[in-house]
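J.: Here it is, the structure in full.
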Amino acid sequence: MTERPTADAPPARTSADHPHTPADHPHTPADHPHTSAGHTFTTVPRWAPDPVPGTAEHTATPLPGRTADALRARAAASGVPVAAVLLAAHAKVLSALSADAEVTTGYLPPGAHRPTACRLTVGPGTWRHLVEEAHRALPLPPPAERRDVDGFPGTPPDVVFDPSGNGHAPDGTALCVSIPEDDPGVLRLRYRTDVLDGAAAARIGGYHLRALERIATAPEEHHERRTLLSAEEIRFQTEELAGPSRPLPDRRFHELFEERARERPDAVAAEHRGTRWTYRELNERANRLARALLSGGLEPEDVVAVVTGRTLHWMAAVIAVLKAGGAYLPIDPTYPPGRIAAMLTRSDCALVLTEPDASRNLDRALETRPGTRTLLVPAVAGSTARADDPAVPVAADQLAYVYFTSGSTGEPKGALCEHAGMLNHLLAKIEDLGIDEGHVVAQTASQCFDISLWQLLAGPLAGGRTLLVEQEAVLDADRFLDTVADGRVTVLQVVPSYLDVLLSALERTPRRPADLRCASVTGEALHKGLVRRWFAALPGVPLVNAYGLTETSDDTNHEVMTGVPDGDRIPLGRPVANVRVYVVDDDLVPVPLGAPGAVVFSGVCVGRGYVNDPERTRDSYLPDPYHPGQRLYRGGDFGRWLPGGKLEYHGRRDAQVKVRGFRVEIGEVESALLRLPGVRDGAVVVTGEEDHARQLVAFCTGRRPLAEGALLRRLGELLPAYMVPAAVHWRQALPLTANGKVDRRALGALARSPGRSDDGHRPTRTPTERRLATAWAHVLGVPGEGIGRQDDFFDLGGTSLSAVRLAVALDRAVSPRDLTAHPVLADLAALIDERARRSPAGSETARAAALPATS
């Protein structure tokens with residue numbers, strides 16, 4: 001168990017220590033390791049809210065004389081020089097700052113004028129063992145005739161350790177740590193002011209002193225069980241980096257909605273396909289359903305499945321379940337019967353709300369659950385039954401909903417979230433996205449995607465309305481944009497991949513939805529190029545990068561942007577109200593500010609666990625060690641704090657790979673790739689087994705592809721050699737999954753076998769077929785020469801989203817529905833030719849199938 005830190009004296013503090021000061025500045029992510037002469041040097045996290053060129057010096061509080069004497073005695077007892085003791089402490093600090101057990105520092109041997117590389121492993125063990133490792137790693141002094149020779153041709157080490165105390169470090173070094181062997185109580189840090197500020201240097205100095213104190217006083221202690229952070233820094237990270245603390249109303253969502261219904265009964269609350277329901281109508285229909293559930297024996301927290309399309313009846317059913325004190329379980333009626341049955345079984349669901357045209361797969365699923373009862377929403381909601389509010393007491397910590405998500409084992413897991421967390425998230429969306437009375441929120445997401453819930457409920461909660469956008473419009477980018485404009489939508493949220501499709505349509509046919517006030521993206525990493533395109537197309541419309549997990553009541557962080565931010569990565573923003581986010585090590589101890597670590601969550605947002613899954617619940621839902629009585633959720637995301645109190649995403653734990661023994665974060669390579677001119681989008685995959693055959697392969701899209709050699713040379717200027725991909729493949733588009741995310745499995749297959757077998761291949765014959773093959777290659781990201789006339793779009797990896805991309809690329813000559821009905825290339829080409837013959841402007845219609853220039 002990790003020991004809690006003692007109340008060490010806090011390091012010198014300046015206003016820059018406080019992330020919420022106005023001194024927020026463009027930041028640079030922790031740089032990639034510096035490479036020189038075959039060595040990869042460890043770097044320190046960049047932490048300079050106001051970076052300016054120059055250097056500064058920090059002298060830490062001296063160690064007490066008795067501690068310095070104990071260090072000398074410890075060295076003598078171990079038969080090692082004092083420099084080994086000092087190096088052990090320095091290595092421990094570098095390991096904490098980099099979150100890497102393998103560290104390489106520049107080292108200034110006695111009498112040398114230039115540092116040499118010193119590499120050692122800070123593995124689990126005692127301080128005494130670490131000192132022994134440091135002794136073995138100590139570089140030998142260079143021969144006298146070579147002491148003036150630069151030992152590191154190329155980039156200098158980011159960090160230099162100097163046991164002589166002279167502080168001689170080459171130009172370009174970010175940090176030089178000097179502790180003289182003859183007086184180990186004096187610690188000096190010389191640092192670049194464009195890399196660190198004074199407070200950051202003071203913290204790093206404090207880490208060194210605490211490591212030295214432990215070596216002196218507790219050499220048999222396991223160093224991994226003792227944090228180097230002061231009690232003040234831990235308090236700062238667990239308290240002051242949290243979202244604002246704001247009291248929640250002592251009412252549930254449905255009670256606040258009922259108030260709105262009394263205040264504005266005749267205002268429109270929701271709309272779908274031209275049908276509008278007022279607040280009174282929606283509330284009364286939900287009340288009838290809630291009373292039917294209660295009459296059927298619903299008990300508090302009983303799970304009620306809602307198996308409907310995204311319709312007004314779905315909205316009434318969701319509110320009804322909440323009013324009745326049940327737990328809402330969304331199920332897509334198109335799911336296979338086996339999956340529906342599995343979700344009902346895992347959640348102990350005995351009540352289902354559905355509608356006649358959505359029950360075919362449900363009926364088959366219920367054949368295995370004879371005791372499950374169903375209610376038809378239209379019949380009950382539209383009846384003349386009693387329609388006043390049921391007034392069922394519902395506590396803030398009562399279960400509100402269950403959302404099933406995919407698990408790493410492949411078995412879905414149902415995340416349980418409570419009313420307080422749901423309401424807190426709704427209020428955060430209303431505040432940060434600026435939703436107000438009369439505003440219109442577009443509901444676009446599948447009912448089984450957790451963002452669908454806030455899209456459904458936030459508008460009426462704020463006194464506005466919800467526009468349920470039909471799936472046919474979502475699958476047609478131009479129609480979607482028309483729907484947004486005609487419906488006077490003020491707020492919408494989509495995944496970045498779909499935003500890319502919308503921006504392509506806007507770039508092709510510029511227009512501006514007059515009422516749109518804010519857009520948000522979520523669900524996958526947001527690249528800077530997409531943000532730049534957004535503000536070029538719709539200047540003045542804020543874009544919000546939202547981040548969160550299903551297990552944390554959806555989004556926990558919002559980065560509200562009114563322009564393209566500086567820096568290479570788009571931040572995740574600060575935590576929303578009543579949410580705490582920590583960046584920690586494996587023992588849930590905060591890592592140094594700016595260092596990478598696991599992102600974990602605490603506060604009202606954290607749900608209860610996974611339904612009827614105690615083992616996975618125990619693994620991920622833990623007591624918060626810093627706020628007794630509260631839950632903490634640990635997922636698999638990694639990130640770091642930035643100056644200004646914003647979170648930066650570094651990827652998933654499973655996105656970290658080892659290549660030739662070096663740890664590589666795929667996201668870091670992709671970030672460098674996206675900084676290159678001409679690269680619009682990109683992804684990197686790893687091929688080969690876990691041995692020396694492993695290599696990175698990059699896939700890029702862009703208007704003017706760089707030659708592979710030129711691109712790799714550019715990457716070599718940004719990354720160490722082991723992080724540069726072995727190959728680069730240019731694609732007109734990256735393949736996407738059904739959820740609109742980059743299909744890394746498909747890319748992995750392409751990387752392993754970029755060619756296509758010609759067995760059974762039938763080449764295209766007509767001009768329309770050839771144009772279609774080119775368009776398919778564009779949207780699927782596959783070689784055009786490999787597409788034949790008998791190929792099926794969906795067999796080649798096509799999804800609903802790539803079908804939308806194709807419709808945009810073909811300037812709507814075909815629709816996603818056409819593609820679903822005619823997925824074989826030759827059949828689709830015949831359809832286009834037939835329409836061309838029937839159209840007065842037939843030849844132009846046929847020509848519309850020609851792929852426009854890649855944008």
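Ordered as shown in the structure tokens, chains take letters A, B, and onward, while each chain numbers its residues from 1 and ligands are numbered from 1 in the order shown.
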Tell me, as a ChimeraX atom specification, which residues lie within 10 Å of segment 431-433 of chain A, counting only C-alpha atoms; anything in the same chain fewer than 3 positions away does not count.
T.: /A:425-428,436,462,490-492,517-520,542-544,558-560,576-577
J.: Go ahead and dump the residues you just picked, C-alpha atoms, as a PDB file, in the first residue's frame.
T.:
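What landed in selection.pdb:
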```pdb
ATOM      1  CA  HIS A 425     -23.924  16.343 -16.429  1.00  0.00           C
ATOM      2  CA  LEU A 426     -27.082  17.877 -17.906  1.00  0.00           C
ATOM      3  CA  LEU A 427     -26.485  21.127 -16.027  1.00  0.00           C
ATOM      4  CA  ALA A 428     -22.836  21.193 -17.152  1.00  0.00           C
ATOM      5  CA  ASP A 436     -31.202  28.592 -22.882  1.00  0.00           C
ATOM      6  CA  ALA A 462     -33.325  24.523 -20.017  1.00  0.00           C
ATOM      7  CA  THR A 490     -28.666  26.113 -31.807  1.00  0.00           C
ATOM      8  CA  VAL A 491     -26.596  23.266 -30.276  1.00  0.00           C
ATOM      9  CA  LEU A 492     -25.390  19.943 -31.693  1.00  0.00           C
ATOM     10  CA  ARG A 517     -24.595  28.904 -31.552  1.00  0.00           C
ATOM     11  CA  CYS A 518     -22.345  26.037 -30.461  1.00  0.00           C
ATOM     12  CA  ALA A 519     -21.139  22.620 -31.607  1.00  0.00           C
ATOM     13  CA  SER A 520     -19.450  19.924 -29.593  1.00  0.00           C
ATOM     14  CA  PRO A 542     -17.660  27.975 -30.583  1.00  0.00           C
ATOM     15  CA  LEU A 543     -16.478  24.375 -30.768  1.00  0.00           C
ATOM     16  CA  VAL A 544     -16.391  22.335 -27.549  1.00  0.00           C
ATOM     17  CA  HIS A 558     -15.098  20.574 -21.611  1.00  0.00           C
ATOM     18  CA  GLU A 559     -12.642  22.590 -23.684  1.00  0.00           C
ATOM     19  CA  VAL A 560     -14.611  25.530 -25.067  1.00  0.00           C
ATOM     20  CA  VAL A 576     -16.910  20.381 -15.132  1.00  0.00           C
ATOM     21  CA  ALA A 577     -18.619  21.319 -11.870  1.00  0.00           C
TER      22      ALA A 577
END
```
J.: Just list the residues in segment 173-332 of chain A DSSP gives strand (DSSP E or B) on the backbone, as a ChimeraX atom specification.
T.: /A:175-178,188-192,196,222,226,268-272,275-278,303-307,327-330
J.: Kindly export the residues of the current selection with N, CA, C and O atoms, as a short mmCIF file (atom, residue, chain, number, x, y, z; two decimals), in the first residue's frame.
T.:
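Heads up, here's the output in result_0.cif:
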```
data_model
loop_
_atom_site.label_atom_id
_atom_site.label_comp_id
_atom_site.auth_asym_id
_atom_site.auth_seq_id
_atom_site.Cartn_x
_atom_site.Cartn_y
_atom_site.Cartn_z
N LEU A 175 17.48 21.27 -18.31
CA LEU A 175 17.64 21.27 -16.86
C LEU A 175 18.98 20.66 -16.50
O LEU A 175 19.32 19.58 -16.98
N CYS A 176 19.73 21.36 -15.68
CA CYS A 176 20.99 20.83 -15.13
C CYS A 176 20.86 20.77 -13.61
O CYS A 176 20.60 21.79 -12.96
N VAL A 177 21.02 19.57 -13.06
CA VAL A 177 20.90 19.35 -11.62
C VAL A 177 22.30 19.14 -11.06
O VAL A 177 23.01 18.21 -11.47
N SER A 178 22.71 19.99 -10.14
CA SER A 178 24.06 19.95 -9.58
C SER A 178 23.98 19.67 -8.09
O SER A 178 23.31 20.39 -7.34
N ARG A 188 21.50 22.61 -6.63
CA ARG A 188 21.24 23.74 -7.52
C ARG A 188 20.64 23.22 -8.82
O ARG A 188 21.08 22.21 -9.35
N LEU A 189 19.66 23.94 -9.34
CA LEU A 189 19.05 23.61 -10.61
C LEU A 189 19.16 24.81 -11.54
O LEU A 189 18.76 25.92 -11.18
N ARG A 190 19.75 24.58 -12.68
CA ARG A 190 19.80 25.61 -13.72
C ARG A 190 18.88 25.15 -14.84
O ARG A 190 19.01 24.03 -15.35
N TYR A 191 17.93 26.00 -15.24
CA TYR A 191 16.89 25.55 -16.17
C TYR A 191 16.57 26.63 -17.19
O TYR A 191 16.79 27.83 -16.97
N ARG A 192 16.07 26.16 -18.33
CA ARG A 192 15.60 27.07 -19.38
C ARG A 192 14.22 27.59 -19.01
O ARG A 192 13.32 26.82 -18.68
N LEU A 196 10.62 25.48 -18.12
CA LEU A 196 10.11 25.40 -16.76
C LEU A 196 9.95 26.81 -16.20
O LEU A 196 10.65 27.74 -16.61
N HIS A 222 11.21 0.20 0.27
CA HIS A 222 10.96 0.09 -1.16
C HIS A 222 10.60 1.46 -1.70
O HIS A 222 9.60 2.06 -1.28
N ARG A 226 6.91 5.11 -1.78
CA ARG A 226 7.03 6.45 -1.20
C ARG A 226 6.95 7.50 -2.30
O ARG A 226 7.76 7.50 -3.22
N VAL A 268 -43.26 24.36 -27.32
CA VAL A 268 -42.85 23.10 -27.93
C VAL A 268 -41.66 22.53 -27.15
O VAL A 268 -40.65 23.21 -26.94
N ALA A 269 -41.77 21.29 -26.74
CA ALA A 269 -40.70 20.61 -26.01
C ALA A 269 -39.89 19.69 -26.90
O ALA A 269 -38.70 19.48 -26.65
N ALA A 270 -40.53 19.12 -27.94
CA ALA A 270 -39.83 18.16 -28.78
C ALA A 270 -40.49 18.10 -30.14
O ALA A 270 -41.69 18.35 -30.28
N GLU A 271 -39.66 17.73 -31.15
CA GLU A 271 -40.15 17.66 -32.52
C GLU A 271 -39.45 16.51 -33.24
O GLU A 271 -38.26 16.28 -33.05
N HIS A 272 -40.24 15.81 -34.09
CA HIS A 272 -39.69 14.73 -34.89
C HIS A 272 -40.51 14.58 -36.15
O HIS A 272 -41.74 14.42 -36.09
N THR A 275 -43.77 16.49 -36.48
CA THR A 275 -44.72 16.38 -35.36
C THR A 275 -44.12 17.04 -34.14
O THR A 275 -42.97 16.77 -33.77
N ARG A 276 -44.89 17.90 -33.50
CA ARG A 276 -44.41 18.62 -32.32
C ARG A 276 -45.25 18.27 -31.10
O ARG A 276 -46.49 18.17 -31.21
N TRP A 277 -44.60 18.09 -29.99
CA TRP A 277 -45.29 17.90 -28.71
C TRP A 277 -44.93 19.06 -27.80
O TRP A 277 -43.76 19.44 -27.68
N THR A 278 -45.95 19.61 -27.17
CA THR A 278 -45.71 20.67 -26.19
C THR A 278 -45.21 20.05 -24.89
O THR A 278 -45.24 18.83 -24.70
N VAL A 303 -35.02 -2.32 -13.47
CA VAL A 303 -34.57 -1.93 -14.80
C VAL A 303 -35.71 -2.06 -15.79
O VAL A 303 -36.40 -3.10 -15.84
N VAL A 304 -35.92 -0.99 -16.59
CA VAL A 304 -36.94 -0.99 -17.63
C VAL A 304 -36.24 -0.75 -18.96
O VAL A 304 -35.61 0.28 -19.17
N ALA A 305 -36.35 -1.72 -19.87
CA ALA A 305 -35.75 -1.56 -21.20
C ALA A 305 -36.68 -0.75 -22.08
O ALA A 305 -37.90 -0.94 -22.06
N VAL A 306 -36.11 0.17 -22.85
CA VAL A 306 -36.87 0.93 -23.84
C VAL A 306 -36.35 0.51 -25.21
O VAL A 306 -35.19 0.79 -25.56
N VAL A 307 -37.20 -0.20 -25.94
CA VAL A 307 -36.81 -0.75 -27.24
C VAL A 307 -37.67 -0.07 -28.30
O VAL A 307 -38.73 -0.57 -28.69
N ALA A 327 -34.94 2.27 -13.60
CA ALA A 327 -33.64 2.52 -14.24
C ALA A 327 -33.79 2.26 -15.73
O ALA A 327 -34.17 1.16 -16.15
N TYR A 328 -33.48 3.26 -16.52
CA TYR A 328 -33.64 3.22 -17.98
C TYR A 328 -32.53 2.39 -18.62
O TYR A 328 -31.36 2.62 -18.37
N LEU A 329 -32.92 1.42 -19.44
CA LEU A 329 -31.98 0.62 -20.21
C LEU A 329 -32.29 0.78 -21.70
O LEU A 329 -33.31 0.29 -22.17
N PRO A 330 -31.44 1.50 -22.46
CA PRO A 330 -31.70 1.64 -23.89
C PRO A 330 -31.27 0.41 -24.66
O PRO A 330 -30.19 -0.13 -24.44
#
```
J.: Please indicate the distance in Å from atom CA of Leu456 of chain A to atom CA of Ala396 of chain A, rounded to one decimal place.
T.: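 So the two atoms, atom CA of Leu456 of chain A and atom CA of Ala396 of chain A, lie 20.2 Å apart.
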J.: Need to verify the contact set: Val669 of chain A, 9 Å, only C-alpha atoms, exclusion of same-chain residues closer than 2 positions in sequence. Can you return it as a list in words?
T.: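 In the requested form, the answer reads Val664, Glu665, Ile666, Gly667, Ser671, Ala672, Leu673, Leu674, Ala683, Val684, Ala698, Leu715, Leu719, Met723, Val724 and Pro725 of chain A.
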J.: So what do you get for atom CA of Ala91 of chain A versus atom CA of Ala169 of chain A, distance-wise?
T.: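 It comes out at 17.6 Å.
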J.: From a DSSP calculation on the backbone, collect every residue of segment 37-208 of chain A in helix (DSSP H, G or I) and output the set as a PyMOL selection string.
T.: chain A and resi 65-78+82-98+127-137+144-146+198-208
J.: Find the residues around Gln471 of chain A up to 10 Å (only C-alpha atoms counted), leave out those fewer than 5 positions away in its own chain, and share them as a PyMOL selection string.
T.: chain A and resi 309-310+444-446+476+480
J.: Kindly export the residues of the current selection with C-alpha atoms, as a CSV table (one decimal), in the first residue's frame.
T.:
```csv
chain,number,residue,atom,x,y,z
A,309,GLY,CA,-36.6,3.9,-32.6
A,310,ARG,CA,-35.4,7.5,-31.9
A,444,THR,CA,-28.6,12.7,-33.5
A,445,ALA,CA,-26.9,9.9,-31.6
A,446,SER,CA,-28.0,6.3,-31.4
A,476,ASP,CA,-27.0,12.4,-45.8
A,480,PHE,CA,-28.5,16.9,-42.2
```
J.: So, counting only C-alpha atoms, which residue among A:Val564, A:Leu780, A:Val679, A:Ala101 is closest to Arg703 of chain A?
T.: A:Val679
J.: What's the 12 Å shell around Met343 of chain A, counting only C-alpha atoms, without same-chain residues fewer than 3 positions away, as a count of residues only?
T.: 38
J.: Calculate how many Å separate atom CA of Ala400 of chain A from atom CA of Val521 of chain A, rounding to one decimal.
T.: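 Distance between the two atoms: 24.5 Å.
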J.: Which is closer to Ala546 of chain A than all the others in A:Leu187, A:Ala174, A:Leu468, A:Val494, using only C-alpha atoms?
T.: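 The answer is A:Val494, which sits nearest to Ala546 of chain A.
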